[in-house]
Every structure is written in structure tokens, then in C-alpha cells.
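Containing PDB, C-alpha atoms: entry26.pdb.
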```pdb
ATOM      1  CA  MET A   1      25.242  69.375  13.541
ATOM      2  CA  ARG A   2      22.376  67.228  12.288
ATOM      3  CA  ASP A   3      22.223  63.718  13.723
ATOM      4  CA  SER A   4      23.117  61.060  11.206
ATOM      5  CA  PRO A   5      20.771  58.087  10.876
ATOM      6  CA  ALA A   6      21.761  54.927  12.665
ATOM      7  CA  PHE A   7      21.621  52.981   9.388
ATOM      8  CA  PRO A   8      21.993  53.996   5.755
ATOM      9  CA  ALA A   9      18.755  54.941   4.050
ATOM     10  CA  THR A  10      19.120  52.115   1.585
ATOM     11  CA  PHE A  11      19.461  49.424   4.266
ATOM     12  CA  SER A  12      15.748  48.740   4.550
ATOM     13  CA  ALA A  13      15.578  47.966   0.845
ATOM     14  CA  ILE A  14      17.934  44.994   1.192
ATOM     15  CA  PRO A  15      15.830  41.817   1.414
ATOM     16  CA  VAL A  16      16.503  39.736   4.481
ATOM     17  CA  PRO A  17      16.375  36.020   3.685
ATOM     18  CA  PRO A  18      14.221  33.944   6.022
ATOM     19  CA  LEU A  19      16.080  31.862   8.539
ATOM     20  CA  ALA A  20      16.243  28.220   7.577
ATOM     21  CA  ARG A  21      14.682  25.742   9.943
ATOM     22  CA  PRO A  22      17.034  23.539  11.976
ATOM     23  CA  TRP A  23      18.377  20.725   9.824
ATOM     24  CA  LEU A  24      16.848  18.049  12.037
ATOM     25  CA  SER A  25      13.357  19.462  11.544
ATOM     26  CA  ARG A  26      13.966  19.229   7.769
ATOM     27  CA  LEU A  27      14.754  15.512   7.888
ATOM     28  CA  HIS A  28      12.672  14.216   4.978
ATOM     29  CA  PRO A  29      10.732  10.929   5.356
ATOM     30  CA  GLY A  30      11.776  10.029   1.810
ATOM     31  CA  LEU A  31      15.292   9.389   3.158
ATOM     32  CA  PHE A  32      14.073   6.003   4.385
ATOM     33  CA  GLY A  33      13.779   4.991   0.751
ATOM     34  CA  ILE A  34      17.602   4.821   0.635
ATOM     35  CA  PRO A  35      18.087   1.953   3.129
ATOM     36  CA  LEU A  36      14.984   0.276   1.710
ATOM     37  CA  GLY A  37      16.558   0.270  -1.745
ATOM     38  CA  LEU A  38      19.908  -1.000  -0.435
ATOM     39  CA  LEU A  39      18.242  -3.809   1.498
ATOM     40  CA  ALA A  40      16.194  -4.833  -1.522
ATOM     41  CA  LEU A  41      19.341  -4.858  -3.656
ATOM     42  CA  SER A  42      21.025  -7.039  -1.027
ATOM     43  CA  SER A  43      18.223  -9.550  -1.546
ATOM     44  CA  ASN A  44      18.986  -9.490  -5.294
ATOM     45  CA  TRP A  45      22.597 -10.489  -4.783
ATOM     46  CA  GLN A  46      21.598 -13.154  -2.262
ATOM     47  CA  ARG A  47      19.520 -14.736  -5.026
ATOM     48  CA  LEU A  48      22.527 -14.674  -7.354
ATOM     49  CA  ALA A  49      24.649 -16.387  -4.702
ATOM     50  CA  ALA A  50      22.007 -19.112  -4.453
ATOM     51  CA  LEU A  51      22.237 -19.577  -8.229
ATOM     52  CA  GLY A  52      25.921 -20.461  -7.998
ATOM     53  CA  TRP A  53      27.811 -17.150  -8.021
ATOM     54  CA  ASP A  54      29.531 -17.493  -4.655
ATOM     55  CA  TRP A  55      31.231 -14.106  -4.970
ATOM     56  CA  ALA A  56      27.793 -12.456  -4.900
ATOM     57  CA  ALA A  57      27.330 -13.438  -1.249
ATOM     58  CA  GLY A  58      29.969 -10.963  -0.089
ATOM     59  CA  LEU A  59      28.345  -8.119  -2.008
ATOM     60  CA  ALA A  60      24.943  -9.089  -0.608
ATOM     61  CA  THR A  61      26.322  -8.982   2.936
ATOM     62  CA  GLY A  62      27.967  -5.609   2.361
ATOM     63  CA  LEU A  63      24.735  -4.109   1.032
ATOM     64  CA  LEU A  64      22.818  -5.613   3.953
ATOM     65  CA  TYR A  65      25.153  -4.068   6.522
ATOM     66  CA  ALA A  66      25.181  -0.724   4.709
ATOM     67  CA  GLY A  67      21.385  -0.653   4.560
ATOM     68  CA  MET A  68      21.088  -1.665   8.217
ATOM     69  CA  ALA A  69      23.613   0.959   9.366
ATOM     70  CA  LEU A  70      21.859   3.731   7.444
ATOM     71  CA  LEU A  71      18.457   2.562   8.660
ATOM     72  CA  CYS A  72      19.588   2.619  12.298
ATOM     73  CA  LEU A  73      21.061   6.116  11.839
ATOM     74  CA  LEU A  74      17.852   7.436  10.292
ATOM     75  CA  LEU A  75      15.761   5.838  13.027
ATOM     76  CA  LEU A  76      17.839   7.627  15.661
ATOM     77  CA  LEU A  77      17.495  10.928  13.812
ATOM     78  CA  ALA A  78      13.753  10.408  13.369
ATOM     79  CA  GLY A  79      13.423   9.734  17.105
ATOM     80  CA  ALA A  80      15.334  12.930  17.892
ATOM     81  CA  LYS A  81      13.131  14.847  15.470
ATOM     82  CA  LEU A  82      10.024  13.490  17.195
ATOM     83  CA  LEU A  83      11.332  14.648  20.576
ATOM     84  CA  LEU A  84      12.687  18.055  19.541
ATOM     85  CA  HIS A  85      10.322  19.032  16.721
ATOM     86  CA  ARG A  86       7.113  17.263  17.626
ATOM     87  CA  GLU A  87       4.864  19.770  15.853
ATOM     88  CA  VAL A  88       6.749  19.321  12.567
ATOM     89  CA  PHE A  89       6.484  15.547  12.925
ATOM     90  CA  ARG A  90       2.757  15.827  13.612
ATOM     91  CA  GLN A  91       2.224  17.987  10.518
ATOM     92  CA  GLU A  92       4.130  15.504   8.361
ATOM     93  CA  PHE A  93       2.077  12.628   9.753
ATOM     94  CA  LYS A  94      -1.139  14.366   8.701
ATOM     95  CA  HIS A  95       0.151  15.422   5.274
ATOM     96  CA  PRO A  96      -1.149  13.168   2.450
ATOM     97  CA  VAL A  97       2.262  12.797   0.789
ATOM     98  CA  GLN A  98       4.780  13.111   3.622
ATOM     99  CA  GLY A  99       2.565  11.011   5.879
ATOM    100  CA  ALA A 100       2.458   8.269   3.258
ATOM    101  CA  LEU A 101       6.242   8.441   2.808
ATOM    102  CA  LEU A 102       6.673   8.029   6.560
ATOM    103  CA  ALA A 103       5.566   4.436   5.962
ATOM    104  CA  LEU A 104       8.933   3.855   4.274
ATOM    105  CA  MET A 105      10.302   3.655   7.825
ATOM    106  CA  PRO A 106       8.337   0.570   8.974
ATOM    107  CA  VAL A 107       8.561  -1.031   5.512
ATOM    108  CA  ALA A 108      12.373  -0.757   5.616
ATOM    109  CA  CYS A 109      12.436  -2.201   9.147
ATOM    110  CA  LEU A 110      10.234  -5.115   8.113
ATOM    111  CA  LEU A 111      12.371  -5.911   5.073
ATOM    112  CA  ALA A 112      15.504  -5.809   7.228
ATOM    113  CA  LEU A 113      13.956  -8.348   9.611
ATOM    114  CA  VAL A 114      12.952 -10.591   6.702
ATOM    115  CA  LEU A 115      16.564 -10.620   5.493
ATOM    116  CA  LEU A 116      18.114 -11.065   8.951
ATOM    117  CA  ARG A 117      15.741 -13.701  10.288
ATOM    118  CA  PRO A 118      17.220 -16.775   8.505
ATOM    119  CA  THR A 119      20.647 -16.165  10.073
ATOM    120  CA  HIS A 120      19.307 -15.190  13.504
ATOM    121  CA  PRO A 121      16.599 -17.729  14.386
ATOM    122  CA  ASP A 122      17.063 -17.084  18.125
ATOM    123  CA  TRP A 123      15.778 -13.499  17.857
ATOM    124  CA  GLN A 124      12.130 -14.586  17.996
ATOM    125  CA  LEU A 125      10.911 -12.273  20.778
ATOM    126  CA  PRO A 126      12.610  -9.004  19.732
ATOM    127  CA  VAL A 127      11.769  -9.623  16.077
ATOM    128  CA  THR A 128       8.108 -10.256  16.942
ATOM    129  CA  VAL A 129       7.948  -7.063  19.025
ATOM    130  CA  ILE A 130       9.519  -4.932  16.296
ATOM    131  CA  ILE A 131       7.238  -6.394  13.625
ATOM    132  CA  SER A 132       4.203  -5.648  15.802
ATOM    133  CA  LEU A 133       5.282  -2.024  16.301
ATOM    134  CA  CYS A 134       5.958  -1.579  12.587
ATOM    135  CA  LEU A 135       2.561  -2.986  11.642
ATOM    136  CA  LEU A 136       0.832  -0.713  14.161
ATOM    137  CA  LEU A 137       2.548   2.354  12.683
ATOM    138  CA  GLN A 138       1.613   1.218   9.172
ATOM    139  CA  ALA A 139      -1.990   0.710  10.248
ATOM    140  CA  ALA A 140      -2.144   4.232  11.692
ATOM    141  CA  LEU A 141      -0.733   5.760   8.514
ATOM    142  CA  ALA A 142      -2.995   3.645   6.295
ATOM    143  CA  TRP A 143      -6.051   4.590   8.362
ATOM    144  CA  HIS A 144      -5.259   8.282   7.961
ATOM    145  CA  ILE A 145      -4.781   7.994   4.194
ATOM    146  CA  VAL A 146      -7.968   5.981   3.636
ATOM    147  CA  ALA A 147      -9.954   8.323   5.902
ATOM    148  CA  GLN A 148      -8.895  11.348   3.855
ATOM    149  CA  LEU A 149      -9.740   9.623   0.584
ATOM    150  CA  ALA A 150     -13.040   8.149   1.770
ATOM    151  CA  THR A 151     -14.321  11.442   3.179
ATOM    152  CA  GLY A 152     -13.201  13.624   0.268
ATOM    153  CA  GLN A 153     -10.764  15.618   2.404
ATOM    154  CA  MET A 154      -7.680  14.904   0.294
ATOM    155  CA  PRO A 155      -6.905  17.622  -2.254
ATOM    156  CA  ALA A 156      -6.892  16.222  -5.779
ATOM    157  CA  GLU A 157      -3.496  17.771  -6.535
ATOM    158  CA  LEU A 158      -1.900  15.768  -3.697
ATOM    159  CA  ILE A 159      -3.079  12.369  -4.913
ATOM    160  CA  SER A 160       0.028  10.522  -6.041
ATOM    161  CA  PRO A 161       1.541   7.000  -6.064
ATOM    162  CA  ALA A 162       3.013   7.779  -2.619
ATOM    163  CA  LEU A 163      -0.377   6.790  -1.186
ATOM    164  CA  TYR A 164       0.397   3.159  -2.021
ATOM    165  CA  VAL A 165       3.276   2.880   0.468
ATOM    166  CA  PRO A 166       1.550   2.322   3.838
ATOM    167  CA  ILE A 167      -1.192   0.126   2.408
ATOM    168  CA  VAL A 168       0.159  -1.947  -0.469
ATOM    169  CA  PRO A 169       3.953  -2.429  -0.125
ATOM    170  CA  GLY A 170       3.407  -2.171   3.613
ATOM    171  CA  GLY A 171       0.892  -5.011   3.522
ATOM    172  CA  PHE A 172       2.993  -7.220   1.254
ATOM    173  CA  VAL A 173       6.290  -6.756   3.121
ATOM    174  CA  GLY A 174       4.397  -7.113   6.395
ATOM    175  CA  ALA A 175       3.065 -10.445   5.156
ATOM    176  CA  MET A 176       6.598 -11.633   4.413
ATOM    177  CA  ALA A 177       7.688 -10.558   7.895
ATOM    178  CA  LEU A 178       4.849 -12.444   9.576
ATOM    179  CA  ASN A 179       5.688 -15.492   7.513
ATOM    180  CA  VAL A 180       9.329 -15.595   8.649
ATOM    181  CA  ILE A 181       8.304 -15.626  12.333
ATOM    182  CA  GLY A 182       6.000 -18.582  11.801
ATOM    183  CA  LEU A 183       2.606 -16.904  11.391
ATOM    184  CA  PRO A 184       1.581 -17.945   7.860
ATOM    185  CA  GLY A 185      -2.136 -17.560   8.525
ATOM    186  CA  PHE A 186      -1.799 -13.924   9.575
ATOM    187  CA  ALA A 187       0.610 -13.433   6.683
ATOM    188  CA  MET A 188      -2.078 -14.584   4.232
ATOM    189  CA  LEU A 189      -4.576 -12.239   5.893
ATOM    190  CA  LEU A 190      -2.245  -9.274   5.575
ATOM    191  CA  MET A 191      -1.479 -10.240   1.984
ATOM    192  CA  GLY A 192      -5.198 -10.106   1.253
ATOM    193  CA  MET A 193      -5.461  -6.725   2.940
ATOM    194  CA  GLY A 194      -2.641  -5.439   0.756
ATOM    195  CA  LEU A 195      -4.445  -6.679  -2.350
ATOM    196  CA  GLY A 196      -7.673  -5.056  -1.190
ATOM    197  CA  GLY A 197      -5.878  -1.780  -0.518
ATOM    198  CA  TRP A 198      -4.323  -1.933  -3.967
ATOM    199  CA  ALA A 199      -7.767  -2.290  -5.545
ATOM    200  CA  LEU A 200      -9.088   0.539  -3.361
ATOM    201  CA  LEU A 201      -6.360   2.978  -4.401
ATOM    202  CA  GLU A 202      -5.671   1.938  -7.972
ATOM    203  CA  MET A 203      -8.576   3.615  -9.729
ATOM    204  CA  ARG A 204      -8.201   6.871  -7.811
ATOM    205  CA  ILE A 205      -4.467   7.162  -8.394
ATOM    206  CA  LEU A 206      -4.586   6.094 -12.046
ATOM    207  CA  ASN A 207      -7.405   8.549 -12.696
ATOM    208  CA  ARG A 208      -5.188  11.308 -11.305
ATOM    209  CA  LEU A 209      -2.144  10.194 -13.321
ATOM    210  CA  PHE A 210      -4.115   9.983 -16.571
ATOM    211  CA  ALA A 211      -5.483  13.494 -15.993
ATOM    212  CA  GLY A 212      -2.086  15.087 -16.644
ATOM    213  CA  PRO A 213       1.343  15.747 -15.156
ATOM    214  CA  LEU A 214       1.756  15.695 -11.397
ATOM    215  CA  PRO A 215       3.034  18.824  -9.651
ATOM    216  CA  LEU A 216       6.808  19.084  -9.967
ATOM    217  CA  ALA A 217       7.505  18.137  -6.336
ATOM    218  CA  LEU A 218       5.429  14.940  -6.634
ATOM    219  CA  ARG A 219       6.867  13.593  -9.892
ATOM    220  CA  PRO A 220       9.661  11.592  -8.222
ATOM    221  CA  THR A 221       6.961   9.476  -6.557
ATOM    222  CA  LEU A 222       6.064   8.003  -9.954
ATOM    223  CA  GLY A 223       8.484   5.165  -9.271
ATOM    224  CA  ILE A 224       6.159   3.907  -6.540
ATOM    225  CA  GLU A 225       3.583   3.116  -9.224
ATOM    226  CA  ILE A 226       5.709   0.074 -10.120
ATOM    227  CA  ALA A 227       5.707  -1.166  -6.527
ATOM    228  CA  PRO A 228       2.319  -2.896  -6.005
ATOM    229  CA  ALA A 229       2.638  -5.550  -8.725
ATOM    230  CA  ALA A 230       6.399  -6.003  -8.255
ATOM    231  CA  VAL A 231       6.336  -6.282  -4.459
ATOM    232  CA  GLY A 232       3.145  -8.341  -4.574
ATOM    233  CA  THR A 233       4.842 -10.887  -6.831
ATOM    234  CA  LEU A 234       7.830 -10.913  -4.476
ATOM    235  CA  ALA A 235       5.510 -11.581  -1.533
ATOM    236  CA  VAL A 236       3.913 -14.479  -3.415
ATOM    237  CA  THR A 237       7.341 -16.068  -3.937
ATOM    238  CA  ALA A 238       7.992 -15.791  -0.194
ATOM    239  CA  LEU A 239       4.621 -17.147   0.991
ATOM    240  CA  TRP A 240       4.528 -19.997  -1.542
ATOM    241  CA  PRO A 241       8.145 -21.199  -1.841
ATOM    242  CA  ASN A 242       7.170 -24.171  -4.034
ATOM    243  CA  LEU A 243       5.133 -22.162  -6.530
ATOM    244  CA  SER A 244       6.178 -22.751 -10.122
ATOM    245  CA  ALA A 245       7.891 -20.124 -12.238
ATOM    246  CA  ASP A 246       4.754 -19.823 -14.400
ATOM    247  CA  PHE A 247       2.913 -17.949 -11.657
ATOM    248  CA  ILE A 248       5.854 -15.596 -11.166
ATOM    249  CA  LEU A 249       5.729 -14.850 -14.887
ATOM    250  CA  ILE A 250       2.081 -13.848 -14.514
ATOM    251  CA  GLY A 251       3.092 -11.422 -11.772
ATOM    252  CA  LEU A 252       5.901 -10.032 -13.897
ATOM    253  CA  GLY A 253       3.442  -9.591 -16.748
ATOM    254  CA  ILE A 254       1.127  -7.596 -14.479
ATOM    255  CA  ALA A 255       4.079  -5.515 -13.278
ATOM    256  CA  SER A 256       5.092  -4.697 -16.847
ATOM    257  CA  GLY A 257       2.005  -2.511 -17.294
ATOM    258  CA  PRO A 258       2.889  -0.004 -14.542
ATOM    259  CA  LEU A 259       6.534  -0.170 -15.613
ATOM    260  CA  PHE A 260       5.682   0.854 -19.166
ATOM    261  CA  ALA A 261       3.311   3.540 -17.880
ATOM    262  CA  VAL A 262       6.114   5.066 -15.805
ATOM    263  CA  MET A 263       8.561   4.892 -18.694
ATOM    264  CA  THR A 264       6.137   6.612 -21.079
ATOM    265  CA  ARG A 265       6.025   9.532 -18.653
ATOM    266  CA  TRP A 266       9.795   9.916 -18.733
ATOM    267  CA  ARG A 267       9.500  13.571 -19.776
ATOM    268  CA  TRP A 268       7.676  14.281 -16.510
ATOM    269  CA  TRP A 269      10.367  13.021 -14.178
ATOM    270  CA  ILE A 270      13.552  13.441 -16.215
ATOM    271  CA  ALA A 271      13.091  17.235 -16.172
ATOM    272  CA  THR A 272      12.532  17.245 -12.401
ATOM    273  CA  PRO A 273      15.453  18.373 -10.185
ATOM    274  CA  PHE A 274      16.950  15.384  -8.402
ATOM    275  CA  SER A 275      15.940  14.771  -4.785
ATOM    276  CA  VAL A 276      15.966  11.827  -2.385
ATOM    277  CA  SER A 277      12.372  11.118  -3.408
ATOM    278  CA  PHE A 278      13.748   9.531  -6.600
ATOM    279  CA  TRP A 279      14.780   6.588  -4.412
ATOM    280  CA  SER A 280      11.139   5.573  -4.849
ATOM    281  CA  PHE A 281      12.362   3.800  -8.005
ATOM    282  CA  SER A 282      14.886   1.615  -6.155
ATOM    283  CA  PHE A 283      12.687  -0.787  -4.193
ATOM    284  CA  PRO A 284      10.244  -1.597  -7.037
ATOM    285  CA  VAL A 285      13.081  -2.135  -9.519
ATOM    286  CA  ALA A 286      14.961  -4.366  -7.061
ATOM    287  CA  ALA A 287      11.754  -6.300  -6.366
ATOM    288  CA  LEU A 288      11.332  -6.925 -10.094
ATOM    289  CA  ALA A 289      14.926  -8.183 -10.324
ATOM    290  CA  THR A 290      14.335 -10.503  -7.360
ATOM    291  CA  CYS A 291      11.257 -11.933  -9.061
ATOM    292  CA  VAL A 292      13.249 -12.559 -12.233
ATOM    293  CA  ALA A 293      15.942 -14.342 -10.209
ATOM    294  CA  GLU A 294      13.280 -16.480  -8.492
ATOM    295  CA  ALA A 295      11.714 -17.362 -11.837
ATOM    296  CA  VAL A 296      15.170 -18.384 -13.113
ATOM    297  CA  ARG A 297      15.761 -20.594 -10.078
ATOM    298  CA  ARG A 298      12.356 -22.261 -10.149
ATOM    299  CA  GLY A 299      12.126 -22.566 -13.913
ATOM    300  CA  GLY A 300      15.645 -23.796 -14.524
ATOM    301  CA  TRP A 301      16.427 -20.979 -16.948
ATOM    302  CA  PRO A 302      19.929 -19.734 -17.820
ATOM    303  CA  PRO A 303      21.371 -17.926 -14.768
ATOM    304  CA  GLY A 304      22.566 -15.119 -17.022
ATOM    305  CA  VAL A 305      18.971 -13.857 -17.195
ATOM    306  CA  ALA A 306      18.981 -13.268 -13.439
ATOM    307  CA  LEU A 307      22.427 -11.698 -13.582
ATOM    308  CA  GLY A 308      21.277  -9.217 -16.229
ATOM    309  CA  ALA A 309      18.235  -8.190 -14.185
ATOM    310  CA  VAL A 310      20.264  -7.732 -10.994
ATOM    311  CA  LEU A 311      22.976  -5.757 -12.771
ATOM    312  CA  LEU A 312      20.354  -3.415 -14.225
ATOM    313  CA  ALA A 313      18.814  -2.866 -10.789
ATOM    314  CA  SER A 314      22.288  -2.340  -9.334
ATOM    315  CA  ALA A 315      23.109   0.254 -11.990
ATOM    316  CA  ILE A 316      19.961   2.210 -11.127
ATOM    317  CA  VAL A 317      20.754   2.123  -7.394
ATOM    318  CA  ALA A 318      24.368   3.124  -8.106
ATOM    319  CA  PHE A 319      23.125   6.122 -10.117
ATOM    320  CA  LEU A 320      20.781   7.141  -7.298
ATOM    321  CA  THR A 321      23.621   6.772  -4.790
ATOM    322  CA  LEU A 322      25.947   8.973  -6.852
ATOM    323  CA  ARG A 323      23.340  11.714  -7.283
ATOM    324  CA  THR A 324      22.506  11.572  -3.578
ATOM    325  CA  LEU A 325      26.168  11.944  -2.590
ATOM    326  CA  ILE A 326      26.439  14.966  -4.879
ATOM    327  CA  LEU A 327      23.474  16.549  -3.092
ATOM    328  CA  LEU A 328      25.044  15.732   0.269
ATOM    329  CA  PHE A 329      28.393  17.323  -0.623
ATOM    330  CA  LYS A 330      26.622  20.426  -1.944
ATOM    331  CA  GLY A 331      24.599  20.717   1.276
ATOM    332  CA  ARG A 332      21.314  20.274  -0.569
ATOM    333  CA  LEU A 333      20.276  16.836   0.635
ATOM    334  CA  LEU A 334      17.580  18.219   2.946
ATOM    335  CA  PRO A 335      14.882  20.745   1.977
ATOM    336  CA  GLN A 336      16.202  24.255   2.461
ATOM    337  CA  VAL A 337      13.124  25.609   4.234
TER     338      VAL A 337
END
```
Transcribe the structure of this file into C-alpha cells.
Amino acid sequence: MRDSPAFPATFSAIPVPPLARPWLSRLHPGLFGIPLGLLALSSNWQRLAALGWDWAAGLATGLLYAGMALLCLLLLLAGAKLLLHREVFRQEFKHPVQGALLALMPVACLLALVLLRPTHPDWQLPVTVIISLCLLLQAALAWHIVAQLATGQMPAELISPALYVPIVPGGFVGAMALNVIGLPGFAMLLMGMGLGGWALLEMRILNRLFAGPLPLALRPTLGIEIAPAAVGTLAVTALWPNLSADFILIGLGIASGPLFAVMTRWRWWIATPFSVSFWSFSFPVAALATCVAEAVRRGGWPPGVALGAVLLASAIVAFLTLRTLILLFKGRLLPQV
């Protein structure tokens, strides 16, 4: 009797799918955009409470706690990823896009401290230490991005608005954080560095955007294009609390240009499969709504203008939250490979 083969002859023709990486190693840095957006929206509703809508204070507190809880969870997971998958973390740090998005982590931490500081004035030492660590991480990420751009090592196809995050929003939110711990001089210095970084990056990024559509995976980062002017105006309102509404209007006028530019490219990002990277729209939009609320307060305008802006920002964040939960329930929140 002839020996039968151990496996059917057709077995080798069946493709074997590659094993997925452990889920922790696939933890995407763009996830930190979720607590950042929630914290920024909390600031919106705080402004509404200050304008006389007392019921808005409860919603602001709920969003603050939700953003803080999610931020703490992601920080723990990021720490575990650094310990267990150090090589993956190192590769992400060096990547032009993922490395830039890693700066969402310190930016979210800094914004959380800015929001918590008024109600916890006795946390001076721990807050100062955390701010220092966040600024050091931002500086390392910014150095790496600028070094790649300045030496021509960054591939042209990877240039995207994500490069703004460690340098521009990082500088502006860092300035607000330094201001709340009583270091206005250093806050002004960091504000100037953020403005300088914005000027350094603006021409390169706009040149890339005007050249044609971004690669599909990078299109969700278009929302970050709104961030520099919007967050810069927000930082100005924090550093100069007595500034008139006229100057805020100038900032909003500057921010309208990037906003329109993003909206005119709607065909680029509306056809892109949803991912957590679309949370890049949340922080800039919430920053714009905060600036509108500040202009209403300082200019004595009808409070309904601020309410409309905050409700629009809230609707966008609610949409992003719903789509993110759908991804989570389908098991597609993290990259599959």
C-alpha cells in the first residue's frame, strides 16, 4: 500500500494570513487626540457657564473628568507599550507622522493641567514637574522633526499637517501651562517659539498641500491645519486676559483661512475610511469655539453667538465619538497589522 501524504495536496495553496501584532504594540498615538478633544470641549462649556448658563458647568465637569480618565488610561497603556514593545515605540518616535502625533500626549497633559490648575492651586510642585516633563518630550519630538526637515531627510510624501503638533500647538499650549504656574516670562518665550515654528513649517506644509491630495492614510491629519491660528488665538486670550475682543477677531480672521482651505478639500477626507486620526479636527474646532466665546464675553455680544459656536463644536465631537465607538465595537479601533 502506498503511503498517503500527511496533508492534502491542495493544502499548500491555501494562503496563511500573517499573524497580527499584539494589540498593545498597535496602540496608535492618534488615540491621544480623543482626550485632547474632550478636554478642549470641556473648556468650551466652562466659558458658557461663565456667560450665565449655570447648567453648562455640570457638562463641563463631566467632559473634564471623562477626558482625564481616558488620558490616564492611555498614559498607562503607552507606558506598558514602552516597556513591552520598546522597538515599536522607538520606530514610531522616529517616524515623521507617528512621531509628530506622539506629541498629542504631552499636549493633552498640558491642557489638562491648565484646566485643573484654577481649582487646585496647592498642586504647585507636582504640576510644575509634569509640565517640565511634557515640555522636554515636546522638545525632543520637535527637534527630531526639524532635523529631518532641515537636512532633507524627510520624504516629501510624508509631509503633512501632523508636523505642526509638537512645535506649534505644543508651544502655544505649553505657554498657557507655564502661565498658570506663575511663569509669564517663560510663557511669552515659548509663545514666540511656537510662532517661529509655525513660520518655519507653514511654507513647507502648504507647498505640499497645494501640490495635490495627500496619501489616503494622511488625509485625516488635514484637521490639524486649522490648529496653529486657532490655538494661537486661544493662547493669546490666556496670556493677555484683558485684551479686547478686537484682537481676538483678528485671530479668528487669520484662522478662517486654514478653515476654508480644509473645507475646500472636503472630497479628500470625506472619502477616507474613518479612523481615530480624524480626532485631529476636534481640538482646533473646540479652540475656535473657545475664542468665539471669549470674544463674546469681552465684547459684550449676545451670548447666543457663543452658544451656537459651542454647540457646533460639540456636534462635531459627538459625531467623532459615535464613529469611534462603532470602530471599537467592530474591533477595528487599532490598526490590524
Residues within 7 Å of (6.1, -2.5, -0.2), file coords, all atoms listed in the file, listed as a PyMOL selection string: chain A and resi 107+165+168-173+227-228+231
Please expand the PyMOL selection byres ((chain A and resi 275) around 9) into the concrete residues it hits in this file, giving the result as a compact mmCIF listing (two decimals) with C-alpha atoms, keeping the file's coordinate frame.
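Result file is expr-v2.txt:
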```
# COMPACT_ATOMS: atom_id res chain seq x y z
CA PRO A 220 9.66 11.59 -8.22
CA THR A 272 12.53 17.24 -12.40
CA PRO A 273 15.45 18.37 -10.18
CA PHE A 274 16.95 15.38 -8.40
CA VAL A 276 15.97 11.83 -2.38
CA SER A 277 12.37 11.12 -3.41
CA PHE A 278 13.75 9.53 -6.60
CA TRP A 279 14.78 6.59 -4.41
CA ARG A 323 23.34 11.71 -7.28
CA THR A 324 22.51 11.57 -3.58
CA LEU A 327 23.47 16.55 -3.09
CA ARG A 332 21.31 20.27 -0.57
CA LEU A 333 20.28 16.84 0.64
CA LEU A 334 17.58 18.22 2.95
```
Among listed residues A:Ile181, A:Met203, A:Leu27, A:Ala286, nearest Val317 in chain A (using all atoms listed in the file): A:Ala286
Option closest in space to Leu59 in chain A, from A:Met193, A:Ser314, A:Lys330, A:Leu77 [counting only C-alpha atoms]: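 Looking at the shortest contact to Leu59 in chain A, the residue is A:Ser314.
The spacing separating CA of Phe210 in chain A from CA of Pro155 in chain A amounts to 16.5 Å.
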Local residues around (13.6, -14.3, -8.6), at most 12 Å away, using all atoms listed in the file, as an MDAnalysis selection string: chainID A and resid 43:51 230:231 233:238 241 243:249 251:252 286:301 303 305:310
Proximity to Gly212 in chain A - best of A:Ala156, A:Ala187, A:Leu195, A:Leu136, all atoms listed in the file: A:Ala156
Selection: 10 Å around Leu71 in chain A, all atoms listed in the file, excl. self and same-chain fewer than 4 positions, as a PyMOL selection string: chain A and resi 31-36+38-39+65-67+75-77+105+108-109+112
Selected residue of minimal separation from Ile270 in chain A among A:Gly223, A:Leu201, A:Ala60, A:Ser256, counting all atoms listed in the file: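 Closest residue, counting all atoms listed in the file: A:Gly223.
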Counting all atoms listed in the file, the residue of A:Leu125, A:Leu113, A:Met176, A:Leu24 that sits nearest His85 in chain A: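 Closest to His85 in chain A, using all atoms listed in the file: A:Leu24.
Considering all atoms listed in the file, the residue among A:Gly232, A:Pro284, A:Pro213, A:Gly182 positioned nearest to Arg117 in chain A is A:Gly182.
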Polymer residues at most 10 Å from Gln138 in chain A, all atoms listed in the file, same-chain spacing of 2 or more positions, as a PyMOL selection string: chain A and resi 100+102-107+132-136+140-144+165-167+170-171+174
Target residues per the PyMOL selection byres ((chain A and resi 25) around 12), formatted as number ranges by chain: A: 20-24, 26-29, 77-92, 334-337
Just write the chosen residues, C-alpha atoms, as an mmCIF file, in the frame of the given file.
```
data_model
loop_
_atom_site.group_PDB
_atom_site.id
_atom_site.type_symbol
_atom_site.label_atom_id
_atom_site.label_comp_id
_atom_site.auth_asym_id
_atom_site.auth_seq_id
_atom_site.Cartn_x
_atom_site.Cartn_y
_atom_site.Cartn_z
ATOM 1 C CA ALA A 20 16.243 28.220 7.577
ATOM 2 C CA ARG A 21 14.682 25.742 9.943
ATOM 3 C CA PRO A 22 17.034 23.539 11.976
ATOM 4 C CA TRP A 23 18.377 20.725 9.824
ATOM 5 C CA LEU A 24 16.848 18.049 12.037
ATOM 6 C CA ARG A 26 13.966 19.229 7.769
ATOM 7 C CA LEU A 27 14.754 15.512 7.888
ATOM 8 C CA HIS A 28 12.672 14.216 4.978
ATOM 9 C CA PRO A 29 10.732 10.929 5.356
ATOM 10 C CA LEU A 77 17.495 10.928 13.812
ATOM 11 C CA ALA A 78 13.753 10.408 13.369
ATOM 12 C CA GLY A 79 13.423 9.734 17.105
ATOM 13 C CA ALA A 80 15.334 12.930 17.892
ATOM 14 C CA LYS A 81 13.131 14.847 15.470
ATOM 15 C CA LEU A 82 10.024 13.490 17.195
ATOM 16 C CA LEU A 83 11.332 14.648 20.576
ATOM 17 C CA LEU A 84 12.687 18.055 19.541
ATOM 18 C CA HIS A 85 10.322 19.032 16.721
ATOM 19 C CA ARG A 86 7.113 17.263 17.626
ATOM 20 C CA GLU A 87 4.864 19.770 15.853
ATOM 21 C CA VAL A 88 6.749 19.321 12.567
ATOM 22 C CA PHE A 89 6.484 15.547 12.925
ATOM 23 C CA ARG A 90 2.757 15.827 13.612
ATOM 24 C CA GLN A 91 2.224 17.987 10.518
ATOM 25 C CA GLU A 92 4.130 15.504 8.361
ATOM 26 C CA LEU A 334 17.580 18.219 2.946
ATOM 27 C CA PRO A 335 14.882 20.745 1.977
ATOM 28 C CA GLN A 336 16.202 24.255 2.461
ATOM 29 C CA VAL A 337 13.124 25.609 4.234
#
```
Centre and edge lengths of an axis-aligned box around all listed atoms of range 148-158 of chain A, with 8 Å added on each side, are to be given in Å to one decimal, as JSON.
```
{"center_x": -8.1, "center_y": 13.0, "center_z": -1.3, "size_x": 28.4, "size_y": 25.6, "size_z": 26.4}
```
Between CA of Gly152 in chain A and CA of Arg204 in chain A, distance in Å (one decimal):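 Atom-to-atom, CA of Gly152 in chain A to CA of Arg204 in chain A, that is 11.7 Å.
Between CA of Leu322 in chain A and CA of Phe281 in chain A lies a distance of 14.6 Å.
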